[in-house]
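See below for the structure under consideration.
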Amino acid sequence: MSASTQEQALNALLVLFRMVLHIEIDGLSSVLRAKKRKRLPVVLSRDEVAALLAHLQQPYRLMASLMYGCGLRLEECLSLRVKDLNFENETIEVRSGKGGKDRLTVLPGVLKKDLQAYLLELKVGWDKARRRDLPGVFLPEALNKKYTSLSKEWGWYWLFPAKSPCTNTRTGEVAFWHVHPSVIQKRIHEGIQGAGISKMASAHTLRHSFATHLLEDGYDIRTIQELLGHSNVQTTMIYTHVAVRNKRGVRSPLENL
């Protein structure tokens with residue numbers, strides 16, 4: 001089994017003994033632990049990214065373009081709301097990303113027209129939902145209790161909403177959620193196959209490609225770290241191992257034989 005699976009099993013046993021059975025286990029410091037392998041991220045070339053996007057239909061092409069153009073995780077992309085887009089400053093506000101952190105990332109200027117046209121169509125559907133008095137959207141934390149009408153405001157509408165409302169099984173609340181991650185994952189998988197890409201790529205590969213291509217374009221590692229939302233620069237440093245630009249200046253000793 002992988003190191004992460006072994007670590008998860010050990011942690012589950014520790015919780016059982018400490019929290020349920022109230023038994024402390026001594027001597028854990030001498031226990032052999034599996035080491036996680038350091039793997040290089042899968043990165044698409046610029047031509048491969050272009051081919052993938054060409055094989056996607058809207059709005060999935062727009063989703064993939066945002067993940068690649070802004071360095072967004074899949075869940076961060078799907079969790080975007082209308083108010084998070086700032087066309088004037090060309091930025092996107094990522095709310096409650098990994099680790100519950102907020103950050104700003106770049107909004108590509110080439111996506112402005114597509115996004116604005118998409119928002120016009122989205123607004124038509126939102127207006128129809130308001131006229132039909134359909135439920136609003138799910139809000140983070142307890143905002144719906146403090147601001148009862150906030151869920152039906154345009155700014156809080158999902159950028160990529162689901163087609164129909166769903167029910168929270170715990171509270172019974174009915175509201176709109178964003179598109180399910182499996183939907184875009186399936187479309188990207190089909191696009192990868194259609195583009196003839198043989199790499200083991202996924203939706204998250206677009207984020208890896210964003211960071212690697214920025215590094216190849218000469219942007220410093222700290223800037224990339226902030227755009228990705230990494231707490232530790234060492235996490236961002238992994239992309240230096242796959243950036244092609246770093247290797248172009250190296251001349252193999254075989255050339256001099």
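In the structure tokens, each chain is lettered A, B, ... as it comes, each chain's residues begin at 1, and ligands are numbered from 1 in order of appearance.
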
Using only C-alpha atoms, which residues sit within 9 Å of Met237 of chain A once same-chain residues fewer than 3 positions away are excluded, as an mmCIF file with C-alpha atoms, in the first residue's frame?
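Result file follows (out34.cif):
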data_model
loop_
_atom_site.group_PDB
_atom_site.id
_atom_site.type_symbol
_atom_site.label_atom_id
_atom_site.label_comp_id
_atom_site.auth_asym_id
_atom_site.auth_seq_id
_atom_site.Cartn_x
_atom_site.Cartn_y
_atom_site.Cartn_z
ATOM 1 C CA ILE A 221 9.157 31.704 -7.296
ATOM 2 C CA GLN A 225 3.816 30.924 -4.548
ATOM 3 C CA VAL A 233 7.829 28.031 -0.823
ATOM 4 C CA GLN A 234 9.272 24.503 -0.804
ATOM 5 C CA THR A 240 11.653 23.993 -10.875
ATOM 6 C CA HIS A 241 12.265 20.295 -11.580
#

As a PDB file with N, CA and C atoms, in the first residue's frame, which residues of segment 58-239 of chain A does DSSP assign to strand (DSSP E)?
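And here's selection_37.pdb as it stands now:
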ATOM      1  N   LEU A  85     -15.177  38.068  -9.380  1.00  0.00           N
ATOM      2  CA  LEU A  85     -14.485  38.519 -10.586  1.00  0.00           C
ATOM      3  C   LEU A  85     -14.325  40.033 -10.561  1.00  0.00           C
ATOM      4  N   ASN A  86     -13.105  40.510 -10.758  1.00  0.00           N
ATOM      5  CA  ASN A  86     -12.825  41.946 -10.809  1.00  0.00           C
ATOM      6  C   ASN A  86     -12.208  42.250 -12.166  1.00  0.00           C
ATOM      7  N   THR A  91      -8.328  40.723 -11.594  1.00  0.00           N
ATOM      8  CA  THR A  91      -8.014  39.799 -10.509  1.00  0.00           C
ATOM      9  C   THR A  91      -9.233  38.930 -10.185  1.00  0.00           C
ATOM     10  N   ILE A  92      -8.971  37.823  -9.551  1.00  0.00           N
ATOM     11  CA  ILE A  92     -10.019  36.932  -9.051  1.00  0.00           C
ATOM     12  C   ILE A  92      -9.772  36.698  -7.572  1.00  0.00           C
ATOM     13  N   GLU A  93     -10.805  36.834  -6.774  1.00  0.00           N
ATOM     14  CA  GLU A  93     -10.704  36.560  -5.342  1.00  0.00           C
ATOM     15  C   GLU A  93     -11.060  35.098  -5.101  1.00  0.00           C
ATOM     16  N   VAL A  94     -10.114  34.364  -4.579  1.00  0.00           N
ATOM     17  CA  VAL A  94     -10.345  32.961  -4.229  1.00  0.00           C
ATOM     18  C   VAL A  94     -10.688  32.912  -2.749  1.00  0.00           C
ATOM     19  N   ARG A 103      -7.176  34.380  -1.170  1.00  0.00           N
ATOM     20  CA  ARG A 103      -6.043  34.958  -1.905  1.00  0.00           C
ATOM     21  C   ARG A 103      -6.543  35.624  -3.171  1.00  0.00           C
ATOM     22  N   LEU A 104      -5.678  36.418  -3.771  1.00  0.00           N
ATOM     23  CA  LEU A 104      -5.946  37.035  -5.071  1.00  0.00           C
ATOM     24  C   LEU A 104      -5.091  36.353  -6.118  1.00  0.00           C
ATOM     25  N   THR A 105      -5.668  36.131  -7.274  1.00  0.00           N
ATOM     26  CA  THR A 105      -4.894  35.618  -8.391  1.00  0.00           C
ATOM     27  C   THR A 105      -5.240  36.420  -9.638  1.00  0.00           C
ATOM     28  N   VAL A 106      -4.516  36.191 -10.699  1.00  0.00           N
ATOM     29  CA  VAL A 106      -4.668  36.992 -11.912  1.00  0.00           C
ATOM     30  C   VAL A 106      -5.873  36.529 -12.724  1.00  0.00           C
ATOM     31  N   CYS A 166     -30.812  21.611  -5.042  1.00  0.00           N
ATOM     32  CA  CYS A 166     -30.692  20.363  -4.300  1.00  0.00           C
ATOM     33  C   CYS A 166     -31.031  20.616  -2.832  1.00  0.00           C
ATOM     34  N   THR A 167     -31.139  19.544  -2.065  1.00  0.00           N
ATOM     35  CA  THR A 167     -31.553  19.636  -0.668  1.00  0.00           C
ATOM     36  C   THR A 167     -30.412  19.248   0.251  1.00  0.00           C
ATOM     37  N   VAL A 174     -33.263  23.937   0.827  1.00  0.00           N
ATOM     38  CA  VAL A 174     -33.227  23.723  -0.624  1.00  0.00           C
ATOM     39  C   VAL A 174     -32.608  24.954  -1.283  1.00  0.00           C
ATOM     40  N   ALA A 175     -31.572  24.761  -2.072  1.00  0.00           N
ATOM     41  CA  ALA A 175     -30.890  25.873  -2.734  1.00  0.00           C
ATOM     42  C   ALA A 175     -30.046  25.334  -3.880  1.00  0.00           C
TER      43      ALA A 175
END

For Val49 of chain A, work out the shell of residues within 9 Å, counting only C-alpha atoms and skipping chain neighbours fewer than 3 positions away, then give it as a short mmCIF file (atom, residue, chain, number, x, y, z; two decimals) with C-alpha atoms, in the first residue's frame.
data_model
loop_
_atom_site.label_atom_id
_atom_site.label_comp_id
_atom_site.auth_asym_id
_atom_site.auth_seq_id
_atom_site.Cartn_x
_atom_site.Cartn_y
_atom_site.Cartn_z
CA LEU A 44 1.17 19.74 -20.21
CA SER A 45 3.05 21.71 -22.84
CA ARG A 46 1.51 24.92 -24.12
CA LEU A 52 -7.21 20.27 -24.78
CA LEU A 53 -9.13 23.56 -24.63
CA ALA A 54 -10.02 23.22 -28.32
CA TYR A 68 -4.97 27.00 -16.32
CA LEU A 206 -3.85 22.55 -15.54
CA SER A 209 0.97 23.68 -16.01
#

Selection: 12 Å around His55 of chain A, only C-alpha atoms, excl. self and same-chain fewer than 4 positions, as a compact mmCIF listing (two decimals) with N, CA and C atoms, in the first residue's frame:
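Final output, around-v4.txt:
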# COMPACT_ATOMS: atom_id res chain seq x y z
N GLU A 48 -0.21 21.37 -25.90
CA GLU A 48 -1.15 20.37 -25.38
C GLU A 48 -2.31 21.04 -24.65
N VAL A 49 -2.03 22.12 -23.92
CA VAL A 49 -3.11 22.86 -23.25
C VAL A 49 -4.06 23.44 -24.29
N ALA A 50 -3.49 24.03 -25.36
CA ALA A 50 -4.32 24.61 -26.42
C ALA A 50 -5.17 23.53 -27.09
N ALA A 51 -4.60 22.35 -27.31
CA ALA A 51 -5.34 21.26 -27.94
C ALA A 51 -6.46 20.77 -27.03
N TYR A 60 -17.41 24.30 -20.20
CA TYR A 60 -16.28 23.53 -19.67
C TYR A 60 -14.95 24.09 -20.15
N ARG A 61 -14.93 24.65 -21.37
CA ARG A 61 -13.70 25.30 -21.84
C ARG A 61 -13.36 26.49 -20.96
N LEU A 62 -14.38 27.23 -20.55
CA LEU A 62 -14.15 28.38 -19.69
C LEU A 62 -13.63 27.94 -18.32
N ALA A 64 -11.90 25.17 -17.64
CA ALA A 64 -10.52 24.72 -17.82
C ALA A 64 -9.59 25.90 -18.06
N ARG A 187 -15.42 15.69 -18.53
CA ARG A 187 -15.23 16.43 -19.78
C ARG A 187 -13.75 16.63 -20.09
N ILE A 188 -12.96 16.92 -19.07
CA ILE A 188 -11.52 17.12 -19.28
C ILE A 188 -10.87 15.80 -19.69
N HIS A 189 -11.30 14.70 -19.08
CA HIS A 189 -10.76 13.39 -19.46
C HIS A 189 -11.07 13.09 -20.93
N GLU A 190 -12.29 13.39 -21.36
CA GLU A 190 -12.66 13.19 -22.76
C GLU A 190 -11.85 14.10 -23.67
N GLY A 191 -11.62 15.36 -23.21
CA GLY A 191 -10.84 16.30 -24.01
C GLY A 191 -9.39 15.86 -24.16
N ILE A 192 -8.82 15.27 -23.10
CA ILE A 192 -7.45 14.78 -23.15
C ILE A 192 -7.33 13.64 -24.16
N GLN A 193 -8.31 12.75 -24.13
CA GLN A 193 -8.30 11.65 -25.09
C GLN A 193 -8.51 12.15 -26.52
N GLY A 194 -9.43 13.11 -26.66
CA GLY A 194 -9.70 13.65 -27.99
C GLY A 194 -8.52 14.40 -28.57
N ALA A 195 -7.71 15.02 -27.70
CA ALA A 195 -6.54 15.76 -28.17
C ALA A 195 -5.34 14.85 -28.42
N GLY A 196 -5.49 13.56 -28.10
CA GLY A 196 -4.40 12.62 -28.33
C GLY A 196 -3.25 12.78 -27.35
N ILE A 197 -3.53 13.27 -26.14
CA ILE A 197 -2.50 13.46 -25.12
C ILE A 197 -2.33 12.15 -24.35

- Quick one: pull the distance between atom CA of Leu214 of chain A and atom CA of Asn89 of chain A, Å, one decimal. 19.7 Å

- Task: Determine, counting only C-alpha atoms, which protein, DNA and RNA residues have an atom within 10 Å of an atom of Ile238 of chain A; residues of the same chain fewer than 5 positions away are not included. Present the result as a ChimeraX atom specification.
- Result: /A:38-41,208,211-212,233,243

- If you measure from atom CA of Arg37 of chain A to atom CA of Ser4 of chain A, what distance in Å do you get, rounded to one decimal?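 We find that atom CA of Arg37 of chain A and atom CA of Ser4 of chain A lie 9.8 Å from each other.
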
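Ranking A:Ser79, A:Val124, A:Asp114, A:Arg207 by their shortest atom-to-atom distance to Phe176 of chain A, with only C-alpha atoms included, puts A:Ser79 first.
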
- Quick one: of A:His213, A:His180, A:Lys101, A:Lys123, who's nearest to Gly69 of chain A, counting only C-alpha atoms?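 Comparing A:His213, A:His180, A:Lys101, A:Lys123 against Gly69 of chain A, the winner is A:His213.
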
- Message: Taking 4 positions as the minimum chain separation for residues in the same chain, which residues sit within 12 Å of segment 141-149 of chain A when counting only C-alpha atoms? Answer as a ChimeraX atom specification.
- Response: /A:96,130,135-137,153-156,173,175

Could you turn the residues from that selection into a file that holds C-alpha atoms, as an mmCIF file, in the first residue's frame?
data_model
loop_
_atom_site.group_PDB
_atom_site.id
_atom_site.type_symbol
_atom_site.label_atom_id
_atom_site.label_comp_id
_atom_site.auth_asym_id
_atom_site.auth_seq_id
_atom_site.Cartn_x
_atom_site.Cartn_y
_atom_site.Cartn_z
ATOM 1 C CA SER A 96 -11.758 29.714 1.454
ATOM 2 C CA ARG A 130 -36.095 35.168 -9.490
ATOM 3 C CA PRO A 135 -34.523 29.027 -4.138
ATOM 4 C CA GLY A 136 -31.293 30.980 -3.881
ATOM 5 C CA VAL A 137 -27.783 29.577 -3.426
ATOM 6 C CA GLU A 153 -28.541 38.381 -4.737
ATOM 7 C CA TRP A 154 -26.814 38.350 -8.119
ATOM 8 C CA GLY A 155 -23.323 38.833 -6.703
ATOM 9 C CA TRP A 156 -23.552 35.654 -4.636
ATOM 10 C CA GLU A 173 -32.591 23.629 3.117
ATOM 11 C CA ALA A 175 -30.890 25.873 -2.734
#

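The shortest atom-to-atom distance to Trp158 of chain A, with only C-alpha atoms taken into account, belongs to A:Phe138 out of A:Leu10, A:Phe138, A:Ser65, A:Pro108.
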
- Item | Shell around Lys163 of chain A at 9 Å using only C-alpha atoms, local window under 3 positions removed, as a PyMOL selection string | chain A and resi 176-179

- Message: Among segment 175-205 of chain A, which ones does DSSP assign to alpha helix (DSSP H) (computed from the backbone)? Answer as a PyMOL selection string.
- Response: chain A and resi 181-194+203-205

Pull N, CA and C atoms from the residues just selected and write them as a compact mmCIF listing (two decimals), in the first residue's frame.
# COMPACT_ATOMS: atom_id res chain seq x y z
N PRO A 181 -18.03 18.36 -9.22
CA PRO A 181 -16.67 18.20 -9.78
C PRO A 181 -16.55 17.08 -10.80
N SER A 182 -17.31 16.00 -10.62
CA SER A 182 -17.19 14.87 -11.54
C SER A 182 -17.59 15.24 -12.97
N VAL A 183 -18.44 16.26 -13.11
CA VAL A 183 -18.90 16.66 -14.44
C VAL A 183 -17.75 17.22 -15.26
N ILE A 184 -17.01 18.18 -14.69
CA ILE A 184 -15.89 18.78 -15.42
C ILE A 184 -14.73 17.80 -15.52
N GLN A 185 -14.55 16.94 -14.51
CA GLN A 185 -13.48 15.93 -14.58
C GLN A 185 -13.70 15.00 -15.76
N LYS A 186 -14.94 14.60 -15.98
CA LYS A 186 -15.26 13.71 -17.10
C LYS A 186 -15.02 14.42 -18.42
N ARG A 187 -15.42 15.69 -18.53
CA ARG A 187 -15.23 16.43 -19.78
C ARG A 187 -13.75 16.63 -20.09
N ILE A 188 -12.96 16.92 -19.07
CA ILE A 188 -11.52 17.12 -19.28
C ILE A 188 -10.87 15.80 -19.69
N HIS A 189 -11.30 14.70 -19.08
CA HIS A 189 -10.76 13.39 -19.46
C HIS A 189 -11.07 13.09 -20.93
N GLU A 190 -12.29 13.39 -21.36
CA GLU A 190 -12.66 13.19 -22.76
C GLU A 190 -11.85 14.10 -23.67
N GLY A 191 -11.62 15.36 -23.21
CA GLY A 191 -10.84 16.30 -24.01
C GLY A 191 -9.39 15.86 -24.16
N ILE A 192 -8.82 15.27 -23.10
CA ILE A 192 -7.45 14.78 -23.15
C ILE A 192 -7.33 13.64 -24.16
N GLN A 193 -8.31 12.75 -24.13
CA GLN A 193 -8.30 11.65 -25.09
C GLN A 193 -8.51 12.15 -26.52
N GLY A 194 -9.43 13.11 -26.66
CA GLY A 194 -9.70 13.65 -27.99
C GLY A 194 -8.52 14.40 -28.57
N ALA A 203 -7.72 17.34 -14.25
CA ALA A 203 -8.04 18.76 -14.09
C ALA A 203 -6.95 19.48 -13.32
N HIS A 204 -6.36 18.82 -12.33
CA HIS A 204 -5.33 19.46 -11.51
C HIS A 204 -4.04 19.69 -12.29
N THR A 205 -3.87 18.96 -13.39
CA THR A 205 -2.69 19.15 -14.23
C THR A 205 -2.64 20.56 -14.81

- Query: atom CA of Ser30 of chain A and atom CA of Glu7 of chain A, how far apart in Å?
  - Reply: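 Pair atom CA of Glu7 of chain A / atom CA of Ser30 of chain A returns 15.1 Å.
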